[in-house]
Structures are given as structure tokens and as C-alpha cells.
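Enquirer: Structure in C-alpha cells, see below.
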Amino acid sequence: MTTTDLAFTFLGSGAPPVSLRRAGPSHLVEAGGRKLLIDCGSGVSQRLVAAGHAGVQIDALIVTHEHSDHLVDFYQLIVSSWHQGRNRPWRVLAPAPALANMRGQYEAFARERALRIAFEKRPDATGLEVEFEELREGPVSGLGALAIDAFLVDHRPVEPAFGLALSVNGSRIVFSGDTCLTPSLEQAAEGCGLLVCEVFIDSQMPIAAGVRSAETVASVQSYHMTPAVVAGLAKRAGVKTLALTHLVPPGADTAALFAEIREGGYDGPLIVGEDLMRLELPARLLRWNGAAIGF
């Protein structure tokens, strides 16, 4: 029997482009009976159910920054969770600009929400309530044994943006959020058991007339990390396992991406994330599609 202190599930490992393989950015962290949702991109409600969970069970939602692909399904998550029987308010943490966006979504549906409550006559409407909190640098309390530390990253012009360090009983996961390489991420990643990092695969982002120019590619690359940059970070930080998510483009050749990370100098355990993949610490067990693999 394995021991699981900390579990991390890729609900959506994609990015803004539509992908049938990869839903919008969203990840689930479990520890000590608590469930934390990180971001709520397109398809999050469906992916939660596919992973054996549901919005009704989530203790808190953290949105890392104000980009649409990270918060577009916020209101759908609220309503679908209520339909599942949620009977407690949502705790939602996000930086101020993202918080304003989500408040706007919530307020835009005020009339629709009132009609649902009055007509559907469900036993409890508390699950439709939201407690908004501004996410700031430092510890996030209230999730039992799960220690969370939010740190600023650099995703300018979108700011503030945050990465997260998550730990319990000595198991530690660092989640990069969307960012270019920053000292804060380097420091947080030092010696961690698992670094879950975004990646912009520049070798697979050709110029396409009417879709992206050379300037477009350069601009997007400037606030993300290429495979070479991610590999260098993981090597210097001595991370025990590197996992990649938020793949840009989401349809990237993952074998080629794997090879690029190796060429970049990182030779430790390497996982290219897929939706519904679950990683467990300290057992170092990967579960996906019926398979169980040690890493």
C-alpha cells in the first residue's frame, strides 16, 4: 500500500487555442482531505468529474492571474457545483484584476441566478454564494495541513501573477504559474519534490500568415519559458521531478518536447502532463488511464 500525503491532478494542461486533447488551464491539489482547485479554464467542470471529483467537493479556488484561459469557466463551475448539491459558499482567491473579472462574471449573471433560485426551488442556495479574497504574496491559510505560499512571478503586462508552493509532511510541489524565468521561481523551486512548470515550445510555433507574425511569437515567448529555459531552471534548482503543463501549442509533439528538455541539460524524472494524469507524493506514483507508474 502506498502513502499519499499530496496529490496533484492535471485537469487541463492546455492554453488558449482550442484542443480536444487538452482542456483549459486547471489543476487539482489534494492533501489531508482538502481539495484546492488552481485556475478554472475551459472545461474544468467536466474534467473534475472525469477525474472522479466534483465542484461540490472543492474547498478553495485560487486563480493565478487575469488571463481568460485561466478563469473563463468560473461561473459555469459555480452553477454546475450547485447542481451537484453544493451547500456552502465558494472561497475564491485571486489577484485584484482577476478578482474584478470574476466579480464581473458573477454580477453579470445576477438576474439569471435569481431566476434559477426562485424557479428550481432547490433545497439550498448557499452553494451559489462566493466569498472573494484578494490573493497576495505570502501564505494562504485555511486548508488544514496543506501549507500554501503564493509568490510573485513575471507575466507582464499581466500583473500581478503568482506561482504557488504547496507542501505537507515534507512533500513539496512548486507550481510555476504563467511566467518568464524569475528569481522568485528559482528560489521556490530549489530542491522541491515536484516542479510543475509551464512551457512555450518555440520550436513548434512557426509564423503563420493571418494567425501569428514573428512579432506575435516573440511577444508570447517573452512572458513564458521555452524548453531550454525550463530545463536549465530544473537542473539548477535540483528538482527531484519536473512535470510540464500549459503546453503552448497544446497540440505539440510531446516526444520532441521531451527531447528538448533533455538537450537542455535536465536528466531527472520528466513528465509531460496530460489531462487527468495524477501524481502522488511521497510515493512518487503516476496514475493515468489505468496505468500506475513510479517516477
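By convention here, the chains of the C-alpha cells are called A, B, ... in the order presented, each chain's residues are numbered starting at 1, and ligands are numbered starting at 1 in the order presented.
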Do you have, as CSV, the list of residues of range 41-81 of chain A lying at most 9 Å from range 88-92 of chain A, each with its nearest atom pair and that distance in Å to one decimal, counting only C-alpha atoms and ordered by chain then number?

Expert:
```
residue,atom,partner,partner_atom,distance
A:Val56,CA,A:Arg88,CA,8.6
A:Ile58,CA,A:Trp90,CA,8.2
A:Asp59,CA,A:Arg91,CA,7.0
A:Ala60,CA,A:Arg91,CA,4.9
A:Leu61,CA,A:Val92,CA,4.9
A:Ile62,CA,A:Val92,CA,6.0
A:Val63,CA,A:Val92,CA,7.7
A:Ile78,CA,A:Trp90,CA,7.9
```

Enquirer: Save the residues we just selected, C-alpha atoms, as a short mmCIF file (atom, residue, chain, number, x, y, z; two decimals), in the first residue's frame?

Expert:
```cif
data_model
loop_
_atom_site.label_atom_id
_atom_site.label_comp_id
_atom_site.auth_asym_id
_atom_site.auth_seq_id
_atom_site.Cartn_x
_atom_site.Cartn_y
_atom_site.Cartn_z
CA VAL A 56 -19.22 20.35 -4.84
CA ILE A 58 -13.71 21.90 -3.65
CA ASP A 59 -12.57 23.76 -0.52
CA ALA A 60 -10.98 26.72 -2.29
CA LEU A 61 -10.22 28.07 -5.76
CA ILE A 62 -7.04 30.02 -6.48
CA VAL A 63 -6.79 31.86 -9.79
CA ILE A 78 -20.31 27.78 -9.64
#
```

Enquirer: Among range 100-215 of chain A, which residues carry a DSSP assignment of helix (DSSP H, G or I), reported as a VMD selection string?

Expert: chain A and resid 100 to 108 110 to 120 126 to 128 183 to 189 202 to 204 214 to 215

Enquirer: Could you pull out the strand (DSSP E) residues of range 93-167 of chain A from DSSP and send them as a list in words?

Expert: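 Those in range 93-167 of chain A that DSSP calls strand (DSSP E) are Leu93, Ala94, Val130, Glu131, Phe132, Glu133, Glu134, Gly138, Pro139, Val140, Ala147, Ile148, Asp149, Ala150, Phe151, Leu152, Val153, Ala161, Phe162, Gly163, Leu164, Ala165, Leu166 and Ser167 of chain A.
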
Enquirer: Excluding same-chain residues fewer than 6 positions from Ile293 in chain A, what lies within 10 Å of it counting only C-alpha atoms, as a list in words?

Expert: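 What passes the distance filter is Leu279, Arg284, Leu285, Leu286 and Arg287 of chain A.
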
Enquirer: Write out, as a tab-separated table (two decimals), in the first residue's frame, the residues just selected, with C-alpha atoms.

Expert:
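Ended up saving to part_33.tsv:
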```tsv
chain	number	residue	atom	x	y	z
A	279	LEU	CA	0.87	12.48	-9.40
A	284	ARG	CA	6.20	9.14	-6.45
A	285	LEU	CA	3.39	7.39	-8.26
A	286	LEU	CA	1.82	8.48	-11.56
A	287	ARG	CA	-1.70	7.28	-12.30
```

Enquirer: Rank nothing, just name the residue among A:Pro269, A:Pro282, A:Pro157, A:Gly177 nearest to Pro25 in chain A, using only C-alpha atoms.

Expert: A:Gly177

Enquirer: Using Å and a single decimal, report how far CA of Pro17 in chain A sits from CA of Leu152 in chain A.

Expert: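 These atoms are spaced 25.6 Å apart.
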
Enquirer: I'd like to know which of A:Leu270, A:Ala114, A:Leu244, A:Leu276 is closest to Ala51 in chain A, using only C-alpha atoms.

Expert: A:Leu276

Enquirer: How many Å separate CA of Leu128 in chain A from CA of Leu36 in chain A?

Expert: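 Value for the CA of Leu128 in chain A-CA of Leu36 in chain A distance: 17.9 Å.
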
Enquirer: Would you mind telling me which residue in A:Gly268, A:Pro227, A:Gly43, A:Gly85 lies nearest to Val248 in chain A when using only C-alpha atoms?

Expert: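 Residue with the minimum atom-to-atom distance to Val248 in chain A: A:Pro227.
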
Enquirer: Which is closer to Asp149 in chain A than all the others in A:Ala125, A:Leu115, A:Leu185, A:Leu233, using only C-alpha atoms?

Expert: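 Nearest candidate to Asp149 in chain A out of A:Ala125, A:Leu115, A:Leu185, A:Leu233: A:Leu185.
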